[in-house]
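**Q** What follows is the file coords.cif, containing mmCIF, C-alpha atoms:
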```cif
data_final
loop_
_atom_site.group_PDB
_atom_site.id
_atom_site.type_symbol
_atom_site.label_atom_id
_atom_site.label_comp_id
_atom_site.auth_asym_id
_atom_site.auth_seq_id
_atom_site.Cartn_x
_atom_site.Cartn_y
_atom_site.Cartn_z
ATOM 1 C CA MET A 278 -82.954 2.607 70.422
ATOM 2 C CA VAL A 279 -85.429 4.364 68.117
ATOM 3 C CA GLU A 280 -84.177 5.205 64.641
ATOM 4 C CA ASN A 281 -84.353 8.979 65.219
ATOM 5 C CA ASP A 282 -81.998 8.800 68.194
ATOM 6 C CA LYS A 283 -79.303 6.885 66.353
ATOM 7 C CA LEU A 284 -76.142 8.682 65.284
ATOM 8 C CA ARG A 285 -75.291 8.861 61.599
ATOM 9 C CA ILE A 286 -71.667 7.911 60.930
ATOM 10 C CA GLY A 287 -69.483 7.395 57.871
ATOM 11 C CA GLY A 288 -68.565 3.839 58.670
ATOM 12 C CA ILE A 289 -67.154 1.069 60.794
ATOM 13 C CA LYS A 290 -64.192 -1.055 59.901
ATOM 14 C CA TYR A 291 -62.126 -3.657 61.611
ATOM 15 C CA SER A 292 -58.619 -4.953 61.212
ATOM 16 C CA GLY A 293 -57.255 -8.399 60.579
ATOM 17 C CA GLY A 294 -56.055 -10.381 63.585
ATOM 18 C CA ILE A 295 -53.530 -8.601 65.764
ATOM 19 C CA VAL A 296 -51.526 -9.174 68.906
ATOM 20 C CA GLN A 297 -50.908 -6.528 71.508
ATOM 21 C CA ALA A 298 -47.314 -6.358 72.700
ATOM 22 C CA ASN A 299 -47.271 -4.857 76.196
ATOM 23 C CA LEU A 300 -44.263 -3.447 77.970
ATOM 24 C CA ASN A 301 -44.039 -1.990 81.482
ATOM 25 C CA TYR A 302 -41.004 -0.090 82.705
ATOM 26 C CA THR A 303 -40.003 2.852 84.841
ATOM 27 C CA ALA A 304 -38.879 6.246 83.638
ATOM 28 C CA SER A 305 -35.510 5.852 85.343
ATOM 29 C CA GLU A 306 -34.532 2.844 83.194
ATOM 30 C CA THR A 307 -32.714 2.920 79.901
ATOM 31 C CA ASP A 308 -35.703 3.333 77.652
ATOM 32 C CA PRO A 309 -36.795 -0.160 76.545
ATOM 33 C CA GLY A 310 -39.631 1.444 74.559
ATOM 34 C CA ARG A 311 -37.109 3.087 72.267
ATOM 35 C CA LEU A 312 -35.407 -0.275 71.812
ATOM 36 C CA LEU A 313 -38.716 -1.886 70.905
ATOM 37 C CA PHE A 314 -39.428 0.762 68.270
ATOM 38 C CA ARG A 315 -35.928 0.308 66.852
ATOM 39 C CA LEU A 316 -36.721 -3.386 66.550
ATOM 40 C CA PHE A 317 -39.949 -2.538 64.710
ATOM 41 C CA THR A 318 -37.957 -0.392 62.280
ATOM 42 C CA VAL A 319 -35.329 -3.040 61.598
ATOM 43 C CA GLN A 320 -37.939 -5.778 61.200
ATOM 44 C CA LYS A 321 -40.260 -3.513 59.122
ATOM 45 C CA ILE A 322 -43.145 -4.062 61.498
ATOM 46 C CA ASN A 323 -46.146 -1.791 61.243
ATOM 47 C CA ALA A 324 -47.774 -0.926 64.549
ATOM 48 C CA SER A 325 -51.434 -0.291 63.797
ATOM 49 C CA MET A 326 -52.027 1.306 67.177
ATOM 50 C CA ILE A 327 -49.754 2.426 69.996
ATOM 51 C CA THR A 328 -50.855 3.556 73.443
ATOM 52 C CA HIS A 329 -48.534 5.055 76.015
ATOM 53 C CA ASN A 330 -49.597 5.689 79.602
ATOM 54 C CA THR A 331 -47.679 6.970 82.589
ATOM 55 C CA LYS A 332 -48.479 6.743 86.282
ATOM 56 C CA GLY A 333 -45.820 8.378 88.382
ATOM 57 C CA ASP A 334 -42.560 6.797 87.273
ATOM 58 C CA GLU A 335 -44.294 3.799 85.697
ATOM 59 C CA ILE A 336 -44.710 3.658 81.958
ATOM 60 C CA TYR A 337 -47.087 1.309 80.199
ATOM 61 C CA LEU A 338 -46.620 0.888 76.472
ATOM 62 C CA SER A 339 -48.792 -1.230 74.208
ATOM 63 C CA CYS A 340 -48.286 -1.805 70.492
ATOM 64 C CA CYS A 341 -50.742 -3.619 68.237
ATOM 65 C CA VAL A 342 -49.104 -5.541 65.424
ATOM 66 C CA SER A 343 -50.292 -8.093 62.922
ATOM 67 C CA ASN A 344 -50.422 -11.713 64.104
ATOM 68 C CA ASN A 345 -47.873 -12.477 61.404
ATOM 69 C CA ASP A 346 -45.341 -10.113 62.952
ATOM 70 C CA ARG A 347 -45.359 -11.623 66.422
ATOM 71 C CA GLN A 348 -42.444 -13.940 65.739
ATOM 72 C CA LYS A 349 -40.461 -11.040 64.304
ATOM 73 C CA ILE A 350 -40.620 -9.498 67.769
ATOM 74 C CA GLU A 351 -40.326 -12.614 69.897
ATOM 75 C CA TYR A 352 -37.143 -14.064 68.433
ATOM 76 C CA PRO A 353 -34.971 -10.925 68.380
ATOM 77 C CA ILE A 354 -35.869 -9.828 71.921
ATOM 78 C CA GLU A 355 -34.178 -12.946 73.247
ATOM 79 C CA GLY A 356 -30.953 -11.051 72.627
ATOM 80 C CA TYR A 357 -31.989 -7.968 74.593
ATOM 81 C CA ASP A 358 -31.988 -8.217 78.372
ATOM 82 C CA THR A 359 -33.921 -4.979 78.696
ATOM 83 C CA LEU A 360 -36.800 -6.453 76.672
ATOM 84 C CA LYS A 361 -36.567 -10.154 77.355
ATOM 85 C CA ASN A 362 -39.166 -11.473 79.817
ATOM 86 C CA ARG A 363 -40.716 -8.037 80.052
ATOM 87 C CA ILE A 364 -42.895 -8.020 76.969
ATOM 88 C CA TRP A 365 -46.110 -9.917 77.238
ATOM 89 C CA PHE A 366 -48.593 -10.501 74.474
ATOM 90 C CA ARG A 367 -52.357 -10.356 74.453
ATOM 91 C CA GLU A 368 -53.469 -12.534 71.575
ATOM 92 C CA GLU A 369 -56.333 -12.941 69.137
ATOM 93 C CA LEU A 370 -57.316 -9.296 69.136
ATOM 94 C CA GLY A 371 -58.585 -6.898 66.510
ATOM 95 C CA LEU A 372 -59.040 -3.161 66.069
ATOM 96 C CA LEU A 373 -62.503 -1.803 65.446
ATOM 97 C CA SER A 374 -62.776 1.784 64.214
ATOM 98 C CA ILE A 375 -65.795 4.049 63.978
ATOM 99 C CA PHE A 376 -65.565 7.154 61.811
ATOM 100 C CA PRO A 377 -65.869 10.062 61.715
ATOM 101 C CA HIS A 378 -66.397 10.789 65.397
ATOM 102 C CA LYS A 379 -66.530 14.563 64.818
ATOM 103 C CA SER A 380 -65.655 14.967 68.494
ATOM 104 C CA ARG A 381 -69.157 13.786 69.475
ATOM 105 C CA ILE A 382 -68.932 12.281 72.965
ATOM 106 C CA HIS A 383 -72.034 10.229 72.131
ATOM 107 C CA VAL A 384 -69.955 8.141 69.745
ATOM 108 C CA LEU A 385 -67.866 6.965 72.679
ATOM 109 C CA GLY A 386 -70.846 6.573 75.006
ATOM 110 C CA TYR A 387 -72.992 4.638 72.545
ATOM 111 C CA THR A 388 -70.116 2.364 71.589
ATOM 112 C CA LEU A 389 -69.323 1.457 75.176
ATOM 113 C CA LYS A 390 -73.045 0.903 75.816
ATOM 114 C CA ALA A 391 -73.329 -1.305 72.727
ATOM 115 C CA PHE A 392 -70.286 -3.350 73.747
ATOM 116 C CA SER A 393 -71.472 -3.578 77.325
ATOM 117 C CA ASN A 394 -74.880 -4.907 76.217
ATOM 118 C CA VAL A 395 -73.246 -7.932 74.621
ATOM 119 C CA GLU A 396 -70.267 -8.170 76.986
ATOM 120 C CA ILE A 397 -67.538 -7.296 74.544
ATOM 121 C CA PRO A 398 -64.275 -6.399 76.316
ATOM 122 C CA VAL A 399 -62.236 -3.297 75.481
ATOM 123 C CA TYR A 400 -58.484 -3.541 76.106
ATOM 124 C CA ALA A 401 -57.458 -0.162 74.760
ATOM 125 C CA MET A 402 -58.856 2.735 72.803
ATOM 126 C CA ALA A 403 -57.521 5.756 70.988
ATOM 127 C CA THR A 404 -58.788 8.527 68.772
ATOM 128 C CA SER A 405 -57.376 10.161 65.685
ATOM 129 C CA ILE A 406 -58.563 13.140 63.688
ATOM 130 C CA SER A 407 -61.422 11.063 62.292
ATOM 131 C CA ALA A 408 -61.675 7.672 63.938
ATOM 132 C CA ILE A 409 -62.168 6.254 67.392
ATOM 133 C CA THR A 410 -60.585 2.827 67.633
ATOM 134 C CA PHE A 411 -61.121 0.062 70.154
ATOM 135 C CA VAL A 412 -58.987 -3.012 70.801
ATOM 136 C CA THR A 413 -61.131 -6.047 71.499
ATOM 137 C CA ARG A 414 -61.214 -9.793 70.866
ATOM 138 C CA TYR A 415 -61.046 -10.600 67.167
ATOM 139 C CA GLN A 416 -63.679 -13.310 67.534
ATOM 140 C CA PHE A 417 -66.212 -10.659 68.603
ATOM 141 C CA MET A 418 -65.801 -8.337 65.601
ATOM 142 C CA GLU A 419 -68.997 -9.289 63.783
ATOM 143 C CA LYS A 420 -70.927 -9.338 67.051
ATOM 144 C CA ALA A 421 -69.567 -5.869 67.827
ATOM 145 C CA VAL A 422 -70.658 -4.498 64.451
ATOM 146 C CA GLU A 423 -74.157 -5.918 64.959
ATOM 147 C CA ALA A 424 -74.319 -4.372 68.431
ATOM 148 C CA LEU A 425 -73.231 -0.993 67.066
ATOM 149 C CA LYS A 426 -75.992 -1.024 64.459
ATOM 150 C CA SER A 427 -78.450 -0.523 67.327
ATOM 151 C CA TYR A 428 -76.912 2.883 67.993
ATOM 152 C CA PHE A 429 -75.488 4.086 64.689
ATOM 153 C CA ILE A 430 -76.844 4.602 61.172
ATOM 154 C CA LEU A 431 -74.448 3.508 58.456
ATOM 155 C CA PRO A 432 -74.420 4.731 54.830
ATOM 156 C CA ASP A 433 -76.541 2.699 52.383
ATOM 157 C CA HIS A 434 -73.515 1.628 50.371
ATOM 158 C CA HIS A 435 -71.237 1.098 53.305
ATOM 159 C CA THR A 436 -67.719 -0.029 52.519
ATOM 160 C CA PRO A 437 -66.909 -3.589 53.745
ATOM 161 C CA PHE A 438 -66.259 -3.885 57.465
ATOM 162 C CA LYS A 439 -63.418 -6.326 56.961
ATOM 163 C CA PRO A 440 -60.211 -5.396 55.097
ATOM 164 C CA GLU A 441 -60.001 -6.802 51.558
ATOM 165 C CA PHE A 442 -56.276 -6.294 51.073
ATOM 166 C CA HIS A 443 -53.161 -5.493 52.996
ATOM 167 C CA VAL A 444 -50.261 -3.422 51.711
ATOM 168 C CA LYS A 445 -46.823 -4.226 52.982
ATOM 169 C CA GLN A 446 -43.515 -2.595 52.171
ATOM 170 C CA ILE A 447 -41.077 -5.302 51.219
ATOM 171 C CA GLN A 448 -38.101 -3.142 50.278
ATOM 172 C CA PRO A 449 -36.671 0.005 51.905
ATOM 173 C CA MET B 215 -77.963 24.598 47.008
ATOM 174 C CA SER B 216 -74.696 26.355 47.831
ATOM 175 C CA ASP B 217 -72.720 27.937 44.990
ATOM 176 C CA LYS B 218 -69.483 26.658 46.505
ATOM 177 C CA LYS B 219 -67.661 24.245 44.221
ATOM 178 C CA PHE B 220 -68.400 20.669 45.188
ATOM 179 C CA ILE B 221 -65.553 18.197 45.716
ATOM 180 C CA LEU B 222 -65.846 14.507 46.570
ATOM 181 C CA VAL B 223 -62.941 13.034 48.570
ATOM 182 C CA VAL B 224 -62.605 9.253 48.295
ATOM 183 C CA ASP B 225 -60.165 7.174 50.329
ATOM 184 C CA ASP B 226 -60.454 4.151 52.596
ATOM 185 C CA ASP B 227 -58.340 5.942 55.220
ATOM 186 C CA PRO B 228 -60.837 7.980 57.279
ATOM 187 C CA ASP B 229 -58.099 10.188 58.712
ATOM 188 C CA LEU B 230 -56.854 11.161 55.283
ATOM 189 C CA VAL B 231 -60.414 11.889 54.129
ATOM 190 C CA GLU B 232 -61.035 14.039 57.182
ATOM 191 C CA SER B 233 -57.822 16.039 56.899
ATOM 192 C CA VAL B 234 -58.294 16.687 53.170
ATOM 193 C CA ALA B 235 -61.942 17.630 53.771
ATOM 194 C CA MET B 236 -61.000 20.061 56.535
ATOM 195 C CA LYS B 237 -58.404 21.711 54.328
ATOM 196 C CA LEU B 238 -60.795 22.077 51.388
ATOM 197 C CA GLU B 239 -63.642 23.321 53.564
ATOM 198 C CA SER B 240 -61.322 25.970 54.973
ATOM 199 C CA GLU B 241 -60.825 27.125 51.379
ATOM 200 C CA GLN B 242 -64.582 27.460 50.888
ATOM 201 C CA TYR B 243 -65.148 24.296 48.901
ATOM 202 C CA ARG B 244 -68.146 22.102 49.657
ATOM 203 C CA VAL B 245 -66.959 18.593 50.454
ATOM 204 C CA GLU B 246 -68.583 15.162 50.548
ATOM 205 C CA LYS B 247 -66.774 12.009 51.660
ATOM 206 C CA ALA B 248 -66.755 8.404 50.514
ATOM 207 C CA TYR B 249 -64.667 5.462 51.675
ATOM 208 C CA ASP B 250 -64.487 3.267 48.580
ATOM 209 C CA GLY B 251 -65.256 3.321 44.857
ATOM 210 C CA VAL B 252 -68.757 1.900 45.129
ATOM 211 C CA GLU B 253 -69.840 4.405 47.753
ATOM 212 C CA ALA B 254 -68.213 7.169 45.692
ATOM 213 C CA LEU B 255 -70.134 6.225 42.562
ATOM 214 C CA GLU B 256 -73.412 6.317 44.482
ATOM 215 C CA LYS B 257 -72.577 9.795 45.765
ATOM 216 C CA ILE B 258 -71.587 10.969 42.292
ATOM 217 C CA LYS B 259 -74.947 9.769 40.960
ATOM 218 C CA ALA B 260 -76.730 11.629 43.753
ATOM 219 C CA GLU B 261 -74.827 14.838 43.040
ATOM 220 C CA LYS B 262 -72.156 15.339 40.420
ATOM 221 C CA PRO B 263 -68.990 16.875 41.886
ATOM 222 C CA ALA B 264 -66.784 19.350 40.040
ATOM 223 C CA LEU B 265 -63.700 17.455 41.178
ATOM 224 C CA LEU B 266 -62.864 14.087 42.644
ATOM 225 C CA VAL B 267 -59.893 13.485 44.963
ATOM 226 C CA LEU B 268 -59.559 9.763 44.446
ATOM 227 C CA ASP B 269 -57.382 7.184 46.157
ATOM 228 C CA VAL B 270 -56.069 4.292 44.079
ATOM 229 C CA MET B 271 -56.197 1.314 46.415
ATOM 230 C CA MET B 272 -59.637 0.851 47.891
ATOM 231 C CA PRO B 273 -62.031 -2.013 48.610
ATOM 232 C CA ARG B 274 -64.719 -3.144 46.117
ATOM 233 C CA LYS B 275 -63.864 -0.711 43.310
ATOM 234 C CA ASN B 276 -60.387 0.784 43.137
ATOM 235 C CA GLY B 277 -59.553 4.304 42.017
ATOM 236 C CA TYR B 278 -58.387 3.313 38.532
ATOM 237 C CA GLU B 279 -61.605 1.450 37.827
ATOM 238 C CA LEU B 280 -63.782 4.292 39.039
ATOM 239 C CA CYS B 281 -61.737 6.880 37.159
ATOM 240 C CA ASP B 282 -61.943 4.974 33.874
ATOM 241 C CA GLU B 283 -65.638 4.331 34.368
ATOM 242 C CA LEU B 284 -66.308 8.039 34.858
ATOM 243 C CA LYS B 285 -64.087 9.198 32.006
ATOM 244 C CA LYS B 286 -65.838 6.855 29.574
ATOM 245 C CA ASP B 287 -69.295 8.042 30.603
ATOM 246 C CA PRO B 288 -70.481 11.155 28.701
ATOM 247 C CA GLN B 289 -72.442 12.248 31.753
ATOM 248 C CA TYR B 290 -69.443 12.237 34.070
ATOM 249 C CA LYS B 291 -66.357 12.571 31.874
ATOM 250 C CA ASP B 292 -65.960 16.275 32.684
ATOM 251 C CA ILE B 293 -65.453 15.585 36.402
ATOM 252 C CA ILE B 294 -61.846 16.497 37.188
ATOM 253 C CA VAL B 295 -60.093 13.510 38.753
ATOM 254 C CA VAL B 296 -57.019 13.931 40.954
ATOM 255 C CA LEU B 297 -55.570 10.522 41.837
ATOM 256 C CA LEU B 298 -53.800 9.846 45.117
ATOM 257 C CA THR B 299 -51.031 7.398 44.378
ATOM 258 C CA ALA B 300 -49.986 5.753 47.625
ATOM 259 C CA VAL B 301 -48.183 2.763 46.227
ATOM 260 C CA ALA B 302 -44.474 3.327 46.024
ATOM 261 C CA ASP B 303 -42.323 1.657 43.415
ATOM 262 C CA SER B 304 -40.835 -0.494 46.164
ATOM 263 C CA VAL B 305 -44.174 -2.147 46.870
ATOM 264 C CA THR B 306 -44.126 -5.003 44.462
ATOM 265 C CA SER B 307 -46.500 -7.325 46.266
ATOM 266 C CA THR B 308 -49.598 -5.789 44.712
ATOM 267 C CA SER B 309 -50.788 -5.302 41.173
ATOM 268 C CA TYR B 310 -50.821 -1.536 41.623
ATOM 269 C CA THR B 311 -47.925 0.632 40.500
ATOM 270 C CA HIS B 312 -47.373 4.219 39.496
ATOM 271 C CA MET B 313 -47.129 2.984 35.927
ATOM 272 C CA ASP B 314 -50.715 1.809 36.076
ATOM 273 C CA GLY B 315 -51.673 5.253 37.309
ATOM 274 C CA LYS B 316 -50.014 6.948 34.386
ATOM 275 C CA THR B 317 -52.126 5.026 31.950
ATOM 276 C CA THR B 318 -55.441 6.082 33.475
ATOM 277 C CA LEU B 319 -57.516 8.977 32.245
ATOM 278 C CA ALA B 320 -57.081 10.935 35.473
ATOM 279 C CA ASP B 321 -56.479 14.661 35.114
ATOM 280 C CA ASP B 322 -53.753 14.891 37.735
ATOM 281 C CA PHE B 323 -51.808 12.991 40.393
ATOM 282 C CA ILE B 324 -50.429 13.593 43.835
ATOM 283 C CA PRO B 325 -48.255 11.061 45.683
ATOM 284 C CA LYS B 326 -48.894 10.016 49.255
ATOM 285 C CA PRO B 327 -48.046 11.123 51.871
ATOM 286 C CA ILE B 328 -49.988 14.136 50.718
ATOM 287 C CA ASP B 329 -48.743 17.672 51.007
ATOM 288 C CA LEU B 330 -52.086 19.403 51.595
ATOM 289 C CA ASP B 331 -50.855 22.745 50.241
ATOM 290 C CA LYS B 332 -49.642 21.021 47.089
ATOM 291 C CA LEU B 333 -52.971 19.217 46.734
ATOM 292 C CA LEU B 334 -54.798 22.513 47.107
ATOM 293 C CA GLU B 335 -52.579 24.045 44.448
ATOM 294 C CA ILE B 336 -53.372 21.162 42.071
ATOM 295 C CA ILE B 337 -57.089 21.484 42.772
ATOM 296 C CA LYS B 338 -57.091 25.241 42.192
ATOM 297 C CA ASP B 339 -55.076 24.865 38.964
ATOM 298 C CA ASN B 340 -57.506 22.271 37.627
ATOM 299 C CA MET B 341 -60.624 24.109 38.733
ATOM 300 C CA GLU B 342 -59.477 27.305 37.066
ATOM 301 C CA ALA B 343 -58.170 25.693 33.889
#
```
When written as structure tokens, how does the structure in this file appear?

**A**
Amino acid sequence: MVENDKLRIGGIKYSGGIVQANLNYTASETDPGRLLFRLFTVQKINASMITHNTKGDEIYLSCCVSNNDRQKIEYPIEGYDTLKNRIWFREELGLLSIFPHKSRIHVLGYTLKAFSNVEIPVYAMATSISAITFVTRYQFMEKAVEALKSYFILPDHHTPFKPEFHVKQIQP
Amino acid sequence: MSDKKFILVVDDDPDLVESVAMKLESEQYRVEKAYDGVEALEKIKAEKPALLVLDVMMPRKNGYELCDELKKDPQYKDIIVVLLTAVADSVTSTSYTHMDGKTTLADDFIPKPIDLDKLLEIIKDNMEA
């Protein structure tokens, strides 16, 4: 793409390694999603991204949590029949965010084109007031950033793509 | 150049930057955005803001470092600095605490999560002082 056609953005950043905890259930059941979130609260697990889809009575919930928190979900759910054997994990993922999108549909289109060019999978996506975030394989993060540079112009003094620190609440 | 007062909002959380910027722009301030201390300093050198809304914990150069750097520089010491202090007392796994914030040369503080109306009040008070 020629330089003039590229979109100017504020930045790109990606997360540390995450796992995606996926849960399927039907609306008529006692809400296992609520139980999962209660577990997150008790275990002090941050969910960096949550997607919730419905199709008829079927509900599909996915929660992205740090790799380090996976065991904090896996062990306790053994005690809950409504969760046990129903959560499955997609591993070795990361979140890549582009900001600000300013509601420009081209940000989505160019990103999908960039990822498609180098065959980077997208497992989920979501937008916030500023960012559009994609869930993809963690191993492809640097490749994804390079691919995006063909479509987006980053600031000269761009902040690091990779997180330099992680804040965690260790007391209530 | 616009005669609107120029504010630079600096935070590594793009959503926070965007929401603060939208609020300030709705109050007729001119807003620029940066996502860490290094990028902020470059923007300050390009155009000096009247006020800086500055997060504490950021990559490369944190808010305390940038604030002290500016306040010790004759060219920039009159920039009003409002620090965003996100780190609660309960977070003891980092080297950042509110106490550190109190020893900086910042002009004012607001704790996270931010009350945008309160932030606006602080900004107006400092701009008019």

**Q** Work out how far apart atom CA of Asp229 of chain B and atom CA of Ile350 of chain A are and give it in Å to one decimal.

**A** 27.8 Å

**Q** Quick one, how far is atom CA of Ile221 of chain B from atom CA of Val245 of chain B?

**A**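 Atom CA of Val245 of chain B lies at a distance of 5.0 Å from atom CA of Ile221 of chain B.
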
**Q** My list of candidates is A:Ala408, A:Ile364, A:Ala421, A:Leu372. Which is closest to chain B when distances are computed with all atoms listed in the file?

**A**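 Once distances to chain B are computed over all atoms listed in the file, the minimum belongs to A:Ala408.
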
**Q** Select, from A:Trp365, A:Phe392, A:Phe376, A:Tyr291, the residue with the minimum atom-to-atom distance to Lys247 of chain B, counting all atoms listed in the file.

**A**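 Smallest separation from Lys247 of chain B among the options: A:Phe376.
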
**Q** Near Ile336 of chain B, within 8 Å and counting only C-alpha atoms, which residues show up once chain neighbours fewer than 4 positions away are dropped, as number ranges by chain?

**A** B: 322, 332, 340
